[in-house]
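Structure first, then comments.
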Amino acid sequence: MSCIGTNLGFSMDTQLKTIAEILALLPKMKEGAAGIQETLIANLIMLSEIPAPTFEEEARVKLLLQRMTECGLQNVSTDEAGNGVGIIQGKDPSRNILLVAHADSVHSEKTDHTISVRTDKIIGPGVADNSLGMAALATLPSLLETLGIQLNANLVLLASTKGLGRGNLDGLRFFMDNNRLPIDAGICIEGAQLGRLSYTAEGMFRGLITCKLPEELEWQRVGESSAIIALNDVINRMLEIPVPRRPKTSIVLGAVRGGKSYNVMATQSSLRFEVKSEGSEIVREIRGRIDDIVADIASKYNAKIEFEVVSIREPGGIDVGHPLVKCCRQIMEKLDLKPRIFPSISEVSELISRNLPAVTLGLTEASNLHDLNETIRIQPIYKGLAQLLAVLLAIDGEFCHGTE
Amino acid sequence: MELNDWIKNNTIHHSQFWDIKKLVEEKEKQGLKISLCLPTLNEEKTIGKEIVMFKSELMDRYPLLDEIAVIDSGSTDNTREIAATFGADVHLSAEILPQYGEKKGKGENLWKAVYELTGDIIVYVDADIKNIHPRFAYGLVAPLIYRPEVHYVKAFYDRPLAFSQGVRPSGGGRVTEILVRPLFSLFFPDLTGLIQPLSGEYAVRREVLDQIPFPIGYGVETSHLIDVYEKWGMKAIAQVDLDQRVHRNQETRDLGKMAFGILRAFLFRAEALGVIGDLPELNTLLRQFQVNDESFEQIAYEIVEEERPPMIDIPEYREKFGIEK
């Protein structure tokens, strides 16, 4: 590879025999990450300033692939789902480690994507979720080169598309369905939050309920009925659904829209909600109940009420005692990070559902998530990248293999 | 040279220079040193990004730039701190050649950069660009590297949105179209070939920079163009299309001040070159209106376009660069 000529003057022996040897290298890895700060931030700026709402990630992925090509990566390509993939060749071509960052962001292309770089922080829409993850993919070849690290396994860098909301992880799913590489383990990277450790997936579905009343009846039926009243009935009935404590379950009513003005009968309304549970049976049961509620209310109001499931996840995960989880915890503790463990519904859930040992790691401290002034702190990124490198080395050294 | 030929030959799109590796090879072959100068005054929102981008792409990745320097007019925000954090050389304008005093204005910083920076080529880029990209530097430097007869390369920005017909209007901002273009049309018609004569981004060879005077304020770009044209002719000037530039918009009243400064600098140049006759003493006060409790009142702004002499006339400069008088 030939990426950036600034070799920091130390070379890392990657034939590490114990986890302790990897832990001892963490300060060097942090130093290496700090040494390529400008490259990382430049990648972050360029990637983040290209809008990439879900289903429209093409331009951002294209830039990432261009950066990977400039770094001399092998097999830089895109697939039918628009995913971007680059492979850093290892010494043993039969092994592969997958590193995933989702390429899409919650911001529409109309949003001003300009980024501002300050002394200790970077501000702009989507910098944490997930431009920093993408920038890490773009910068990792340089970082490995700077540190003189050559892995045994191939490192598969994947920017996955169609991850958020209605995207329903379709990009990653397509990649996993169609690639032929035997994968040892997966790491999903997110900008936020440093210390995050997700290795289990919750069962989840997200639903959209839309309610429409016939338009022509508007003037006759003032006061009698409205799409808002009908939706209100749906909500009241949903609130009556018993939610068990164990397995841990929740129903979140996220957004309600409807109506036009003060004195006009609403002919349209909608509800967006999410159901999460550690038990798959519960998720199915709740979904069935909502089907019944919607059918019942629709007949009562002579309205067109539709219930659509926009995305869905199966629960699962690896055990807390799995060597991969243990390694991650040891590395985090060595870096003075308190692991924050919570189940995830993001990329890692797709990998786990395929019985692949996988974790999600965060790269830095972030605030104002999903606002226009989303902010990440620069200093903790070095720790975040050192953590990522150490986990990679641990998987590469086969310290993370084992049964659940 | 016919103006139309000049426009055809010396108007270049930055995409011609996409191959930065080749550019660096050519630069090294010629043994050139290139400095980037960012004049600043309270630019904390944009300066960090500019430096990170130029350093990563045009120093670490491709060693095109040998020096990135911020010349600051005394910012009261974190501009200097941020610039230093990301590895720029940061200088306070007042501390460069202090024996010549301190004057306020962008032109002052550009002039002092000629002394402080060491490159054979200096590329000036304004620090308020929101959509910064490496092309802002390499696009301007490239014509100087590839074409020895070119000495002064000016940026312009023209990215058409949707246009159905072949012809569409193009040109500069309000001050360019209302003031500078009419003035050039009257007195220096060749210079009307420049699409955006006031743009703040340009790359220039040292042997040109040290020969021309620097108005310290708004007039510096206009004055430079006239001087380079008079001394070296149109063939020494080129302009590069850098696509889009996003920056903050200025109020019409502020543009009035700018126009006043440019007009003063222009008239002095025209008088010195004998293009117009002798001028009476020019007023330095620009008067604008405001309404206070239904009564109209004037506010007067003093805008003095002072001028720094060609750097070659400064003994300290000749000594630093080993130039015999």
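We label chains A, B, ... in the order they appear in the structure tokens, count residues from 1 in each chain, and number ligands from 1 in the order shown.
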
At a cut-off of 6 Å, can you tabulate as CSV every residue of chain A near chain B together with its closest atom pair and the distance in Å to one decimal, using only C-alpha atoms and ordering rows by chain then number?
residue,atom,partner,partner_atom,distance
A:Ile4,CA,B:Arg61,CA,5.2
A:Glu38,CA,B:Ser56,CA,5.2
A:Thr39,CA,B:Ser56,CA,5.0
A:Ala42,CA,B:Met53,CA,5.0
A:Ser116,CA,B:Lys45,CA,5.6
A:Val117,CA,B:Gly48,CA,4.9
A:Arg118,CA,B:Gly48,CA,5.9
A:Thr119,CA,B:Ile82,CA,4.7

| said: Just want the 7 Å neighbourhood of stretch 157-170 of chain A, counted on only C-alpha atoms, with same-chain residues fewer than 2 positions away dropped. Output as a PyMOL selection string. | reply: chain A and resi 54-55+57+61+82-87+98-104+134+137+155+172-174+310-312+347

| request: Can you list, as an MDAnalysis selection string, all residues belonging to stretch 172-303 of chain A that DSSP tags as strand (DSSP E)? | output: chainID A and resid 185:192 196:198 200:201 203:212 249:258 268:277

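Comparing the minimum interatomic distances between A:Pro380 and each of A:Gln193, A:Thr267, A:Gln150, A:Asn179, counting only C-alpha atoms, we find that A:Gln193 sits nearest.
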
| request: Could you give me, as a list in words, the residues within 9 Å of stretch 293-302 of chain B, counting only C-alpha atoms and dropping anything in the same chain fewer than 4 positions from it? | output: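 What passes the distance filter is Lys257, Asn283, Thr284, Leu285, Leu286, Arg287, Gln288 and Phe289 of chain B.
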
Just to be explicit: take each residue in the selection above, keep N, CA and C atoms, and write the result as a PDB file, in the first residue's frame.
ATOM      1  N   LYS B 257     -18.853  50.398   1.143  1.00  0.00           N
ATOM      2  CA  LYS B 257     -17.524  50.725   1.673  1.00  0.00           C
ATOM      3  C   LYS B 257     -16.438  50.115   0.791  1.00  0.00           C
ATOM      4  N   ASN B 283     -11.517  62.832  -1.158  1.00  0.00           N
ATOM      5  CA  ASN B 283     -12.076  62.714   0.181  1.00  0.00           C
ATOM      6  C   ASN B 283     -11.888  61.287   0.714  1.00  0.00           C
ATOM      7  N   THR B 284     -11.702  61.139   2.018  1.00  0.00           N
ATOM      8  CA  THR B 284     -11.567  59.795   2.588  1.00  0.00           C
ATOM      9  C   THR B 284     -12.827  59.374   3.342  1.00  0.00           C
ATOM     10  N   LEU B 285     -13.864  60.228   3.321  1.00  0.00           N
ATOM     11  CA  LEU B 285     -15.072  59.897   4.084  1.00  0.00           C
ATOM     12  C   LEU B 285     -16.174  59.380   3.171  1.00  0.00           C
ATOM     13  N   LEU B 286     -16.689  58.192   3.510  1.00  0.00           N
ATOM     14  CA  LEU B 286     -17.873  57.682   2.810  1.00  0.00           C
ATOM     15  C   LEU B 286     -19.067  57.960   3.705  1.00  0.00           C
ATOM     16  N   ARG B 287     -20.106  58.571   3.119  1.00  0.00           N
ATOM     17  CA  ARG B 287     -21.268  58.930   3.933  1.00  0.00           C
ATOM     18  C   ARG B 287     -22.447  58.047   3.569  1.00  0.00           C
ATOM     19  N   GLN B 288     -23.028  57.409   4.598  1.00  0.00           N
ATOM     20  CA  GLN B 288     -24.232  56.598   4.386  1.00  0.00           C
ATOM     21  C   GLN B 288     -25.320  57.105   5.324  1.00  0.00           C
ATOM     22  N   PHE B 289     -26.571  56.681   5.054  1.00  0.00           N
ATOM     23  CA  PHE B 289     -27.699  57.190   5.836  1.00  0.00           C
ATOM     24  C   PHE B 289     -28.208  56.206   6.871  1.00  0.00           C
TER      25      PHE B 289
END

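Between A:Phe399 and the residues A:Ile97, A:Ile19, A:Met265, A:Val106, the shortest atom-to-atom distance, using only C-alpha atoms, involves A:Ile19.
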
| field | DSSP-assigned alpha helix (DSSP H) members of stretch 50-258 of chain B, reported as a PyMOL selection string | value | chain B and resi 50-55+79-85+106-116+135-146+174-175+181-187+206-209+220-232+252-258

Kindly export the residues of the current selection with C-alpha atoms, as a PDB file, in the first residue's frame.
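Saved to part-v5.pdb:
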ATOM      1  CA  GLU B  50      -9.330  24.816   5.705  1.00  0.00           C
ATOM      2  CA  ILE B  51      -6.060  23.968   7.408  1.00  0.00           C
ATOM      3  CA  VAL B  52      -6.920  20.326   8.052  1.00  0.00           C
ATOM      4  CA  MET B  53      -7.971  19.879   4.458  1.00  0.00           C
ATOM      5  CA  PHE B  54      -4.919  21.529   2.891  1.00  0.00           C
ATOM      6  CA  LYS B  55      -2.487  19.864   5.278  1.00  0.00           C
ATOM      7  CA  THR B  79      -8.799  31.702  15.106  1.00  0.00           C
ATOM      8  CA  ARG B  80      -5.086  31.621  15.963  1.00  0.00           C
ATOM      9  CA  GLU B  81      -5.457  28.850  18.540  1.00  0.00           C
ATOM     10  CA  ILE B  82      -7.403  26.609  16.147  1.00  0.00           C
ATOM     11  CA  ALA B  83      -4.947  27.271  13.313  1.00  0.00           C
ATOM     12  CA  ALA B  84      -1.978  26.339  15.491  1.00  0.00           C
ATOM     13  CA  THR B  85      -3.703  23.185  16.749  1.00  0.00           C
ATOM     14  CA  LYS B 106      -6.317  42.383   4.362  1.00  0.00           C
ATOM     15  CA  GLY B 107      -3.812  43.898   1.912  1.00  0.00           C
ATOM     16  CA  GLU B 108      -1.469  44.543   4.833  1.00  0.00           C
ATOM     17  CA  ASN B 109      -1.475  40.823   5.685  1.00  0.00           C
ATOM     18  CA  LEU B 110      -0.863  39.849   2.076  1.00  0.00           C
ATOM     19  CA  TRP B 111       2.075  42.246   1.879  1.00  0.00           C
ATOM     20  CA  LYS B 112       3.622  41.019   5.095  1.00  0.00           C
ATOM     21  CA  ALA B 113       3.237  37.433   3.881  1.00  0.00           C
ATOM     22  CA  VAL B 114       5.652  38.264   1.051  1.00  0.00           C
ATOM     23  CA  TYR B 115       8.314  38.936   3.694  1.00  0.00           C
ATOM     24  CA  GLU B 116       7.393  36.182   6.147  1.00  0.00           C
ATOM     25  CA  ARG B 135      -8.700  22.431  -5.603  1.00  0.00           C
ATOM     26  CA  PHE B 136      -8.744  25.929  -4.107  1.00  0.00           C
ATOM     27  CA  ALA B 137      -4.961  25.641  -3.803  1.00  0.00           C
ATOM     28  CA  TYR B 138      -3.799  23.182  -6.463  1.00  0.00           C
ATOM     29  CA  GLY B 139      -6.088  24.630  -9.120  1.00  0.00           C
ATOM     30  CA  LEU B 140      -4.421  28.028  -8.751  1.00  0.00           C
ATOM     31  CA  VAL B 141      -0.856  26.795  -8.437  1.00  0.00           C
ATOM     32  CA  ALA B 142      -0.974  24.418 -11.400  1.00  0.00           C
ATOM     33  CA  PRO B 143      -0.887  26.998 -14.239  1.00  0.00           C
ATOM     34  CA  LEU B 144       2.222  28.530 -12.654  1.00  0.00           C
ATOM     35  CA  ILE B 145       3.898  25.134 -12.552  1.00  0.00           C
ATOM     36  CA  TYR B 146       2.973  24.092 -16.083  1.00  0.00           C
ATOM     37  CA  ARG B 174     -22.347  43.129  -7.309  1.00  0.00           C
ATOM     38  CA  VAL B 175     -19.265  45.294  -6.843  1.00  0.00           C
ATOM     39  CA  ARG B 181     -16.203  46.043 -14.815  1.00  0.00           C
ATOM     40  CA  PRO B 182     -17.459  49.474 -15.970  1.00  0.00           C
ATOM     41  CA  LEU B 183     -14.166  51.043 -14.820  1.00  0.00           C
ATOM     42  CA  PHE B 184     -12.054  48.423 -16.593  1.00  0.00           C
ATOM     43  CA  SER B 185     -14.237  48.795 -19.702  1.00  0.00           C
ATOM     44  CA  LEU B 186     -13.528  52.534 -19.700  1.00  0.00           C
ATOM     45  CA  PHE B 187      -9.827  52.531 -18.923  1.00  0.00           C
ATOM     46  CA  ARG B 206       7.448  35.860  -5.785  1.00  0.00           C
ATOM     47  CA  GLU B 207       9.284  37.880  -8.427  1.00  0.00           C
ATOM     48  CA  VAL B 208       5.963  39.533  -9.231  1.00  0.00           C
ATOM     49  CA  LEU B 209       4.744  39.930  -5.664  1.00  0.00           C
ATOM     50  CA  VAL B 220      -5.536  45.372  -3.302  1.00  0.00           C
ATOM     51  CA  GLU B 221      -6.977  42.992  -5.930  1.00  0.00           C
ATOM     52  CA  THR B 222      -7.887  45.734  -8.410  1.00  0.00           C
ATOM     53  CA  SER B 223      -4.546  47.455  -8.000  1.00  0.00           C
ATOM     54  CA  HIS B 224      -2.609  44.173  -8.440  1.00  0.00           C
ATOM     55  CA  LEU B 225      -4.357  43.384 -11.679  1.00  0.00           C
ATOM     56  CA  ILE B 226      -3.595  46.808 -13.125  1.00  0.00           C
ATOM     57  CA  ASP B 227       0.065  46.596 -12.068  1.00  0.00           C
ATOM     58  CA  VAL B 228       0.641  43.075 -13.321  1.00  0.00           C
ATOM     59  CA  TYR B 229      -1.057  43.998 -16.594  1.00  0.00           C
ATOM     60  CA  GLU B 230       1.053  47.153 -17.030  1.00  0.00           C
ATOM     61  CA  LYS B 231       4.370  45.428 -16.211  1.00  0.00           C
ATOM     62  CA  TRP B 232       3.979  41.943 -17.660  1.00  0.00           C
ATOM     63  CA  THR B 252     -25.183  46.212   0.366  1.00  0.00           C
ATOM     64  CA  ARG B 253     -23.938  48.911   2.762  1.00  0.00           C
ATOM     65  CA  ASP B 254     -20.720  46.980   3.372  1.00  0.00           C
ATOM     66  CA  LEU B 255     -20.312  46.636  -0.363  1.00  0.00           C
ATOM     67  CA  GLY B 256     -20.602  50.424  -0.520  1.00  0.00           C
ATOM     68  CA  LYS B 257     -17.524  50.725   1.673  1.00  0.00           C
ATOM     69  CA  MET B 258     -15.735  48.200  -0.451  1.00  0.00           C
TER      70      MET B 258
END

| message | As an exercise, work out the distance from atom CA of A:Lys17 to atom CA of A:Gln387 in Å and give it to one decimal place. | response |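 Here the two named atoms are 18.0 Å from each other.
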
| Shell around B:Ala203 at 9 Å using only C-alpha atoms, local window under 4 positions removed, as a ChimeraX atom specification | /B:36,121-125,137,140-141,144,151-155

| Could you state the separation of atom CA of A:Cys400 and atom CA of A:Gly191 in Å, given to one decimal place? |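 Calculated distance between atom CA of A:Cys400 and atom CA of A:Gly191 is 23.4 Å.
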
| field | Selection: 12 Å around B:Glu102, only C-alpha atoms, excl. self and same-chain fewer than 5 positions, as an MDAnalysis selection string | value | chainID B and resid 72:74 92:97 107:109 111:112 216 306 308

Serialized selection, C-alpha atoms, as a CSV table (one decimal), in the first residue's frame:
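The file below, out_6.csv, is the result:
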chain,number,residue,atom,x,y,z
B,72,ASP,CA,-3.8,37.2,11.4
B,73,SER,CA,-4.9,40.8,11.9
B,74,GLY,CA,-5.5,40.4,15.6
B,92,LEU,CA,0.3,38.1,14.0
B,93,SER,CA,0.5,40.6,11.2
B,94,ALA,CA,1.6,43.3,13.7
B,95,GLU,CA,4.7,41.3,14.6
B,96,ILE,CA,6.0,41.0,11.1
B,97,LEU,CA,8.3,43.9,10.2
B,107,GLY,CA,-3.8,43.9,1.9
B,108,GLU,CA,-1.5,44.5,4.8
B,109,ASN,CA,-1.5,40.8,5.7
B,111,TRP,CA,2.1,42.2,1.9
B,112,LYS,CA,3.6,41.0,5.1
B,216,ILE,CA,-3.8,47.7,2.5
B,306,GLU,CA,-3.0,53.5,2.2
B,308,ARG,CA,2.6,49.6,1.1

| task | Just the residues within 12 Å of A:Asn236, please, counting only C-alpha atoms, with nothing from its chain fewer than 3 positions along; format it as an NGL selection string. | result | :A and (229-233 or 239-241 or 253 or 290 or 293-294 or 297)
